[in-house]
$ cat input_18.cif   # mmCIF, C-alpha atoms
data_entry
loop_
_atom_site.group_PDB
_atom_site.id
_atom_site.type_symbol
_atom_site.label_atom_id
_atom_site.label_comp_id
_atom_site.auth_asym_id
_atom_site.auth_seq_id
_atom_site.Cartn_x
_atom_site.Cartn_y
_atom_site.Cartn_z
ATOM 1 C CA MET A 1 81.991 108.056 92.849
ATOM 2 C CA LEU A 2 78.941 107.073 94.879
ATOM 3 C CA SER A 3 75.335 106.625 93.743
ATOM 4 C CA LYS A 4 73.186 109.364 92.258
ATOM 5 C CA ILE A 5 71.174 109.809 95.484
ATOM 6 C CA VAL A 6 74.289 110.520 97.521
ATOM 7 C CA ARG A 7 75.637 112.902 94.904
ATOM 8 C CA THR A 8 72.392 114.888 94.715
ATOM 9 C CA VAL A 9 72.042 115.171 98.490
ATOM 10 C CA ALA A 10 75.686 116.209 98.830
ATOM 11 C CA ASN A 11 75.169 118.882 96.168
ATOM 12 C CA GLN A 12 72.161 120.299 98.018
ATOM 13 C CA LEU A 13 73.734 120.077 101.478
ATOM 14 C CA PHE A 14 76.989 121.762 100.510
ATOM 15 C CA LEU A 15 75.258 125.124 100.066
ATOM 16 C CA PHE A 16 73.849 125.024 103.593
ATOM 17 C CA ILE A 17 77.207 123.966 105.060
ATOM 18 C CA LEU A 18 78.823 126.854 103.189
ATOM 19 C CA ILE A 19 76.264 129.335 104.582
ATOM 20 C CA PHE A 20 76.686 128.026 108.135
ATOM 21 C CA GLY A 21 80.467 128.191 107.929
ATOM 22 C CA LEU A 22 80.381 131.749 106.579
ATOM 23 C CA TYR A 23 77.974 132.678 109.378
ATOM 24 C CA VAL A 24 80.345 131.285 112.008
ATOM 25 C CA ILE A 25 83.274 133.172 110.448
ATOM 26 C CA VAL A 26 81.505 136.524 110.016
ATOM 27 C CA HIS A 27 79.911 136.456 113.483
ATOM 28 C CA GLY A 28 83.160 135.424 115.143
ATOM 29 C CA HIS A 29 83.226 138.524 117.342
ATOM 30 C CA LEU A 30 79.602 138.109 118.519
ATOM 31 C CA THR A 31 78.887 134.400 118.957
ATOM 32 C CA PRO A 32 81.068 131.393 119.804
ATOM 33 C CA GLY A 33 83.223 130.422 116.868
ATOM 34 C CA GLY A 34 85.546 132.349 114.622
ATOM 35 C CA GLY A 35 87.857 131.951 111.696
ATOM 36 C CA PHE A 36 89.362 128.587 112.623
ATOM 37 C CA GLN A 37 86.048 126.963 113.529
ATOM 38 C CA GLY A 38 84.068 128.288 110.563
ATOM 39 C CA GLY A 39 86.828 127.316 108.167
ATOM 40 C CA ALA A 40 86.808 123.795 109.571
ATOM 41 C CA VAL A 41 83.007 123.649 109.044
ATOM 42 C CA ILE A 42 83.376 124.614 105.371
ATOM 43 C CA VAL A 43 86.207 122.118 104.877
ATOM 44 C CA SER A 44 83.942 119.397 106.301
ATOM 45 C CA GLY A 45 81.594 120.236 103.418
ATOM 46 C CA VAL A 46 84.497 119.886 100.991
ATOM 47 C CA VAL A 47 85.273 116.483 102.519
ATOM 48 C CA MET A 48 81.643 115.480 101.971
ATOM 49 C CA LEU A 49 81.926 116.437 98.298
ATOM 50 C CA LEU A 50 85.179 114.473 98.135
ATOM 51 C CA VAL A 51 83.418 111.369 99.485
ATOM 52 C CA ALA A 52 80.415 111.743 97.173
ATOM 53 C CA PHE A 53 82.340 112.553 93.977
ATOM 54 C CA SER A 54 85.695 111.324 92.804
ATOM 55 C CA SER A 55 88.676 113.444 93.745
ATOM 56 C CA LYS A 56 89.594 113.976 90.087
ATOM 57 C CA ASP A 57 86.229 115.634 89.459
ATOM 58 C CA LEU A 58 86.725 117.883 92.471
ATOM 59 C CA GLN A 59 90.239 118.757 91.366
ATOM 60 C CA LYS A 60 88.863 120.336 88.196
ATOM 61 C CA SER A 61 86.881 122.932 90.130
ATOM 62 C CA LEU A 62 89.229 123.313 93.131
ATOM 63 C CA ARG A 63 92.678 123.906 91.722
ATOM 64 C CA GLU A 64 95.726 123.680 93.944
ATOM 65 C CA ARG A 65 97.191 126.910 92.586
ATOM 66 C CA PHE A 66 94.014 128.796 93.472
ATOM 67 C CA LEU A 67 94.055 127.301 96.970
ATOM 68 C CA SER A 68 97.666 128.256 97.585
ATOM 69 C CA ILE A 69 97.011 131.828 96.393
ATOM 70 C CA MET A 70 93.981 131.986 98.717
ATOM 71 C CA GLU A 71 95.960 130.771 101.721
ATOM 72 C CA SER A 72 98.811 133.177 101.116
ATOM 73 C CA THR A 73 96.313 136.039 100.780
ATOM 74 C CA GLY A 74 94.771 135.165 104.136
ATOM 75 C CA ALA A 75 98.144 134.995 105.872
ATOM 76 C CA LEU A 76 99.210 138.286 104.268
ATOM 77 C CA ILE A 77 96.036 140.106 105.353
ATOM 78 C CA PHE A 78 96.468 138.786 108.890
ATOM 79 C CA ALA A 79 100.098 139.910 109.144
ATOM 80 C CA ILE A 80 99.330 143.319 107.576
ATOM 81 C CA LEU A 81 96.506 143.890 110.081
ATOM 82 C CA GLY A 82 98.930 143.008 112.849
ATOM 83 C CA PHE A 83 101.546 145.418 111.539
ATOM 84 C CA ALA A 84 99.000 148.190 110.927
ATOM 85 C CA GLY A 85 98.677 148.852 114.636
ATOM 86 C CA ILE A 86 102.402 149.047 115.224
ATOM 87 C CA GLY A 87 102.147 152.768 116.027
ATOM 88 C CA THR A 88 101.117 151.683 119.530
ATOM 89 C CA VAL A 89 101.998 147.992 119.887
ATOM 90 C CA PHE A 90 102.076 144.996 117.577
ATOM 91 C CA PHE A 91 98.493 143.693 117.066
ATOM 92 C CA TYR A 92 96.957 146.877 118.506
ATOM 93 C CA ASN A 93 93.228 147.123 117.818
ATOM 94 C CA PHE A 94 93.412 150.463 115.988
ATOM 95 C CA LEU A 95 89.881 150.391 114.508
ATOM 96 C CA VAL A 96 87.979 150.727 117.814
ATOM 97 C CA GLY A 97 86.237 154.101 117.892
ATOM 98 C CA THR A 98 86.418 154.729 114.135
ATOM 99 C CA SER A 99 83.514 154.374 111.710
ATOM 100 C CA ILE A 100 84.642 150.967 110.340
ATOM 101 C CA PHE A 101 83.733 148.188 112.805
ATOM 102 C CA GLY A 102 84.341 150.761 115.528
ATOM 103 C CA ARG A 103 81.157 150.832 117.611
ATOM 104 C CA ILE A 104 81.557 149.934 121.272
ATOM 105 C CA PRO A 105 78.828 147.739 122.795
ATOM 106 C CA PRO A 106 77.561 148.327 126.349
ATOM 107 C CA THR A 107 79.312 146.263 128.992
ATOM 108 C CA GLY A 108 77.408 143.145 130.000
ATOM 109 C CA PRO A 109 74.944 141.008 128.051
ATOM 110 C CA ASN A 110 73.592 142.707 124.936
ATOM 111 C CA PRO A 111 72.075 141.499 121.648
ATOM 112 C CA GLY A 112 75.180 142.375 119.653
ATOM 113 C CA ASP A 113 75.993 144.598 116.709
ATOM 114 C CA ILE A 114 77.876 143.462 113.614
ATOM 115 C CA TRP A 115 79.749 146.785 113.366
ATOM 116 C CA THR A 116 81.733 146.211 116.571
ATOM 117 C CA GLY A 117 85.041 144.599 117.342
ATOM 118 C CA GLY A 118 87.508 146.807 115.499
ATOM 119 C CA VAL A 119 90.076 144.665 113.737
ATOM 120 C CA ILE A 120 88.745 141.335 115.067
ATOM 121 C CA PRO A 121 86.131 140.613 112.304
ATOM 122 C CA LEU A 122 88.686 141.356 109.590
ATOM 123 C CA MET A 123 91.185 139.022 111.245
ATOM 124 C CA ASN A 124 88.472 136.365 111.506
ATOM 125 C CA LEU A 125 87.853 136.666 107.759
ATOM 126 C CA ALA A 126 91.577 136.397 106.993
ATOM 127 C CA VAL A 127 92.057 133.365 109.229
ATOM 128 C CA GLY A 128 88.891 131.764 107.807
ATOM 129 C CA LEU A 129 90.214 132.176 104.254
ATOM 130 C CA LYS A 130 93.512 130.657 105.341
ATOM 131 C CA VAL A 131 91.952 127.659 107.097
ATOM 132 C CA ILE A 132 89.545 126.904 104.219
ATOM 133 C CA ALA A 133 92.320 126.967 101.620
ATOM 134 C CA GLY A 134 94.922 125.164 103.724
ATOM 135 C CA LEU A 135 92.791 122.287 104.992
ATOM 136 C CA SER A 136 91.120 121.835 101.564
ATOM 137 C CA ALA A 137 94.567 121.581 99.974
ATOM 138 C CA VAL A 138 95.660 118.981 102.545
ATOM 139 C CA VAL A 139 92.499 116.877 102.111
ATOM 140 C CA LEU A 140 92.641 117.055 98.300
ATOM 141 C CA ALA A 141 96.336 116.160 98.230
ATOM 142 C CA MET A 142 95.782 113.180 100.508
ATOM 143 C CA ALA A 143 92.824 111.940 98.410
ATOM 144 C CA LEU A 144 94.767 112.242 95.164
ATOM 145 C CA PHE A 145 97.784 110.541 96.710
ATOM 146 C CA SER A 146 95.736 107.573 97.957
ATOM 147 C CA ILE A 147 94.322 107.090 94.454
ATOM 148 C CA GLY A 148 97.855 107.100 93.038
ATOM 149 C CA GLU A 149 98.773 104.376 95.495
ATOM 150 C CA GLU A 150 95.901 102.191 94.327
ATOM 151 C CA ILE A 151 97.002 102.578 90.731
ATOM 152 C CA GLU A 152 100.524 101.577 91.682
ATOM 153 C CA GLU A 153 99.319 98.347 93.266
ATOM 154 C CA MET B 1 117.653 95.377 134.738
ATOM 155 C CA ARG B 2 115.461 97.189 132.249
ATOM 156 C CA GLN B 3 112.403 96.487 134.393
ATOM 157 C CA VAL B 4 114.098 97.929 137.481
ATOM 158 C CA VAL B 5 115.055 101.113 135.599
ATOM 159 C CA GLY B 6 111.529 101.363 134.255
ATOM 160 C CA LEU B 7 110.075 100.961 137.731
ATOM 161 C CA ILE B 8 112.338 103.691 139.135
ATOM 162 C CA LEU B 9 111.421 106.055 136.305
ATOM 163 C CA LEU B 10 107.740 105.283 136.834
ATOM 164 C CA LEU B 11 108.013 106.016 140.565
ATOM 165 C CA VAL B 12 109.782 109.324 139.874
ATOM 166 C CA LEU B 13 107.077 110.269 137.378
ATOM 167 C CA VAL B 14 104.299 109.352 139.835
ATOM 168 C CA ALA B 15 106.014 111.356 142.587
ATOM 169 C CA PHE B 16 106.224 114.411 140.319
ATOM 170 C CA LEU B 17 102.579 114.111 139.306
ATOM 171 C CA VAL B 18 101.393 113.724 142.914
ATOM 172 C CA TRP B 19 103.573 116.674 143.945
ATOM 173 C CA GLY B 20 102.080 118.751 141.126
ATOM 174 C CA VAL B 21 98.549 117.919 142.246
ATOM 175 C CA LEU B 22 99.366 118.772 145.875
ATOM 176 C CA VAL B 23 100.933 122.190 145.243
ATOM 177 C CA ILE B 24 98.356 123.384 142.687
ATOM 178 C CA HIS B 25 96.369 126.478 143.637
ATOM 179 C CA PRO B 26 92.789 125.841 144.811
ATOM 180 C CA PHE B 27 90.054 125.498 142.218
ATOM 181 C CA GLY B 28 88.458 128.814 141.277
ATOM 182 C CA TYR B 29 91.283 130.985 142.626
ATOM 183 C CA PRO B 30 93.783 131.540 139.809
ATOM 184 C CA PRO B 31 97.185 132.966 140.788
ATOM 185 C CA SER B 32 96.822 136.159 138.709
ATOM 186 C CA ASP B 33 94.173 138.860 138.239
ATOM 187 C CA MET B 34 94.441 138.813 134.443
ATOM 188 C CA ASP B 35 91.140 136.984 133.952
ATOM 189 C CA ASP B 36 89.152 139.476 136.024
ATOM 190 C CA TYR B 37 90.705 142.357 134.099
ATOM 191 C CA ILE B 38 89.836 140.795 130.739
ATOM 192 C CA ILE B 39 86.265 139.928 131.751
ATOM 193 C CA GLU B 40 85.598 143.448 133.006
ATOM 194 C CA ASN B 41 87.344 145.487 130.308
ATOM 195 C CA ALA B 42 87.340 143.388 127.109
ATOM 196 C CA GLN B 43 84.019 144.703 125.815
ATOM 197 C CA GLU B 44 84.831 148.386 126.051
ATOM 198 C CA GLU B 45 88.489 148.046 125.070
ATOM 199 C CA THR B 46 88.070 145.851 121.980
ATOM 200 C CA GLY B 47 84.373 146.360 121.239
ATOM 201 C CA SER B 48 83.862 142.634 120.817
ATOM 202 C CA ASN B 49 81.034 140.776 122.544
ATOM 203 C CA ASN B 50 82.884 137.473 122.265
ATOM 204 C CA VAL B 51 85.588 137.806 124.910
ATOM 205 C CA VAL B 52 87.345 134.674 123.664
ATOM 206 C CA ALA B 53 87.712 136.256 120.223
ATOM 207 C CA SER B 54 89.031 139.445 121.785
ATOM 208 C CA VAL B 55 91.661 137.456 123.687
ATOM 209 C CA VAL B 56 92.637 135.367 120.663
ATOM 210 C CA PHE B 57 92.866 138.211 118.135
ATOM 211 C CA ASP B 58 93.678 141.235 120.288
ATOM 212 C CA TYR B 59 95.271 140.565 123.664
ATOM 213 C CA ARG B 60 97.150 137.496 122.419
ATOM 214 C CA GLY B 61 97.357 138.298 118.713
ATOM 215 C CA LEU B 62 100.981 137.258 118.490
ATOM 216 C CA ASP B 63 100.087 133.729 119.630
ATOM 217 C CA THR B 64 97.444 133.541 116.898
ATOM 218 C CA LEU B 65 100.056 134.601 114.353
ATOM 219 C CA GLY B 66 102.158 131.661 115.518
ATOM 220 C CA GLU B 67 99.152 129.362 115.280
ATOM 221 C CA ALA B 68 98.477 130.487 111.706
ATOM 222 C CA THR B 69 102.139 129.930 110.902
ATOM 223 C CA ILE B 70 101.898 126.383 112.273
ATOM 224 C CA LEU B 71 98.941 125.716 109.960
ATOM 225 C CA PHE B 72 100.867 127.186 107.009
ATOM 226 C CA THR B 73 103.907 125.034 107.785
ATOM 227 C CA ALA B 74 101.779 121.895 108.136
ATOM 228 C CA VAL B 75 100.065 122.474 104.779
ATOM 229 C CA THR B 76 103.380 123.221 103.103
ATOM 230 C CA GLY B 77 104.920 120.059 104.530
ATOM 231 C CA VAL B 78 102.044 117.824 103.467
ATOM 232 C CA LEU B 79 101.971 119.201 99.921
ATOM 233 C CA LEU B 80 105.745 118.979 99.619
ATOM 234 C CA LEU B 81 105.895 115.345 100.780
ATOM 235 C CA LEU B 82 103.017 114.127 98.624
ATOM 236 C CA ARG B 83 104.231 115.976 95.547
ATOM 237 C CA THR B 84 107.724 114.466 95.640
ATOM 238 C CA ARG B 85 106.252 110.983 96.061
ATOM 239 C CA LYS B 86 103.998 111.485 93.051
ATOM 240 C CA ARG B 87 106.819 112.791 90.881
ATOM 241 C CA ARG B 88 108.962 109.782 91.771
ATOM 242 C CA GLU B 89 106.115 107.485 90.724
ATOM 243 C CA GLU B 90 105.837 109.251 87.383
ATOM 244 C CA SER B 91 109.559 109.049 86.665
ATOM 245 C CA SER B 92 109.923 105.368 87.591
#
$ encode --input "input_18.cif" --output "structure tokens"
Amino acid sequence: MLSKIVRTVANQLFLFILIFGLYVIVHGHLTPGGGFQGGAVIVSGVVMLLVAFSSKDLQKSLRERFLSIMESTGALIFAILGFAGIGTVFFYNFLVGTSIFGRIPPTGPNPGDIWTGGVIPLMNLAVGLKVIAGLSAVVLAMALFSIGEEIEE
Amino acid sequence: MRQVVGLILLLVLVAFLVWGVLVIHPFGYPPSDMDDYIIENAQEETGSNNVVASVVFDYRGLDTLGEATILFTAVTGVLLLLRTRKRREESS
């Protein structure tokens, strides 16, 4: 556990990192970025918390069971969205033209509309969920394991 | 002996790399028309402004499924390895 200054600043900064990561995930079909990138941004915030606090403190609020459920949910949503378009082909974008995320933007540069992209924003959300949970689980497991090694020595 | 074999292997590798550079298609002229098709039609076919996202999640969705599976396998492997090590420490 680091000093009180570091802990306070990490607490305040984590909210902004969370907002930026969610922005990158949700706007994946409009701006550069997407599920993988936004998830990695949020996990960098988790790593910052891990550096500022001890990993045992973080383990109380970020349980491994919850993370594994979250990752499986993301993978399941992604696969179901892929199978949902199987009437035409696997991973067919069946939502284009409907009322949910179905608007079609004009070809060429345009300011962008959040209700476009068909199935792509939903897939971005699923992949983002998966990346957040998976990478957080890996980082937490490695931190806890390194502490165990120190105790052993 | 080992140095001679290494030298021969190195020369073969260098020859392959030089050959690959010589027969590559010229810069800016890819061998297929797939990129032009995607740039022109991605916005009206998928409705997504970000053409990279439309390629990753729509045109090549199966590849992204494989990518997500790789991430899942990596996380599973890491958790499995670290958990067995910890349990062994507790039992000993």
$ interface_residues --input "input_18.cif" --of "chain B" --to "chain A" --cutoff "9 Å" --atoms "all atoms listed in the file" --output "VMD selection string"
chain B and resid 40 to 54 57 to 62 65 68 to 69 71 to 72 74 to 76 78 to 79 82 to 83 85 to 86 89
$ atom_distance --input "input_18.cif" --atom1 "atom CA of Lys4 of chain A" --atom2 "atom CA of Met48 of chain A"
14.3 Å
$ atom_distance --input "input_18.cif" --atom1 "atom CA of Ala10 of chain A" --atom2 "atom CA of Ala52 of chain A"
6.7 Å
$ atom_distance --input "input_18.cif" --atom1 "atom CA of Val41 of chain A" --atom2 "atom CA of Asp63 of chain B"
22.5 Å
$ closest_residue --input "input_18.cif" --among "A:Leu76, A:Ile42, A:Val26, A:Ile100" --to "Leu13 of chain A" --atoms "only C-alpha atoms"
A:Ile42
$ closest_residue --input "input_18.cif" --among "A:Ile80, A:Leu22, A:Ile69, A:Gln59" --to "Leu125 of chain A" --atoms "all atoms listed in the file"
A:Leu22
$ axis_aligned_box --input "input_18.cif" --around "segment 36-44 of chain B" --padding-each-side "3 Å" --output "JSON"
{"center_x": 87.4, "center_y": 143.9, "center_z": 130.9, "size_x": 12.7, "size_y": 14.9, "size_z": 16.2}
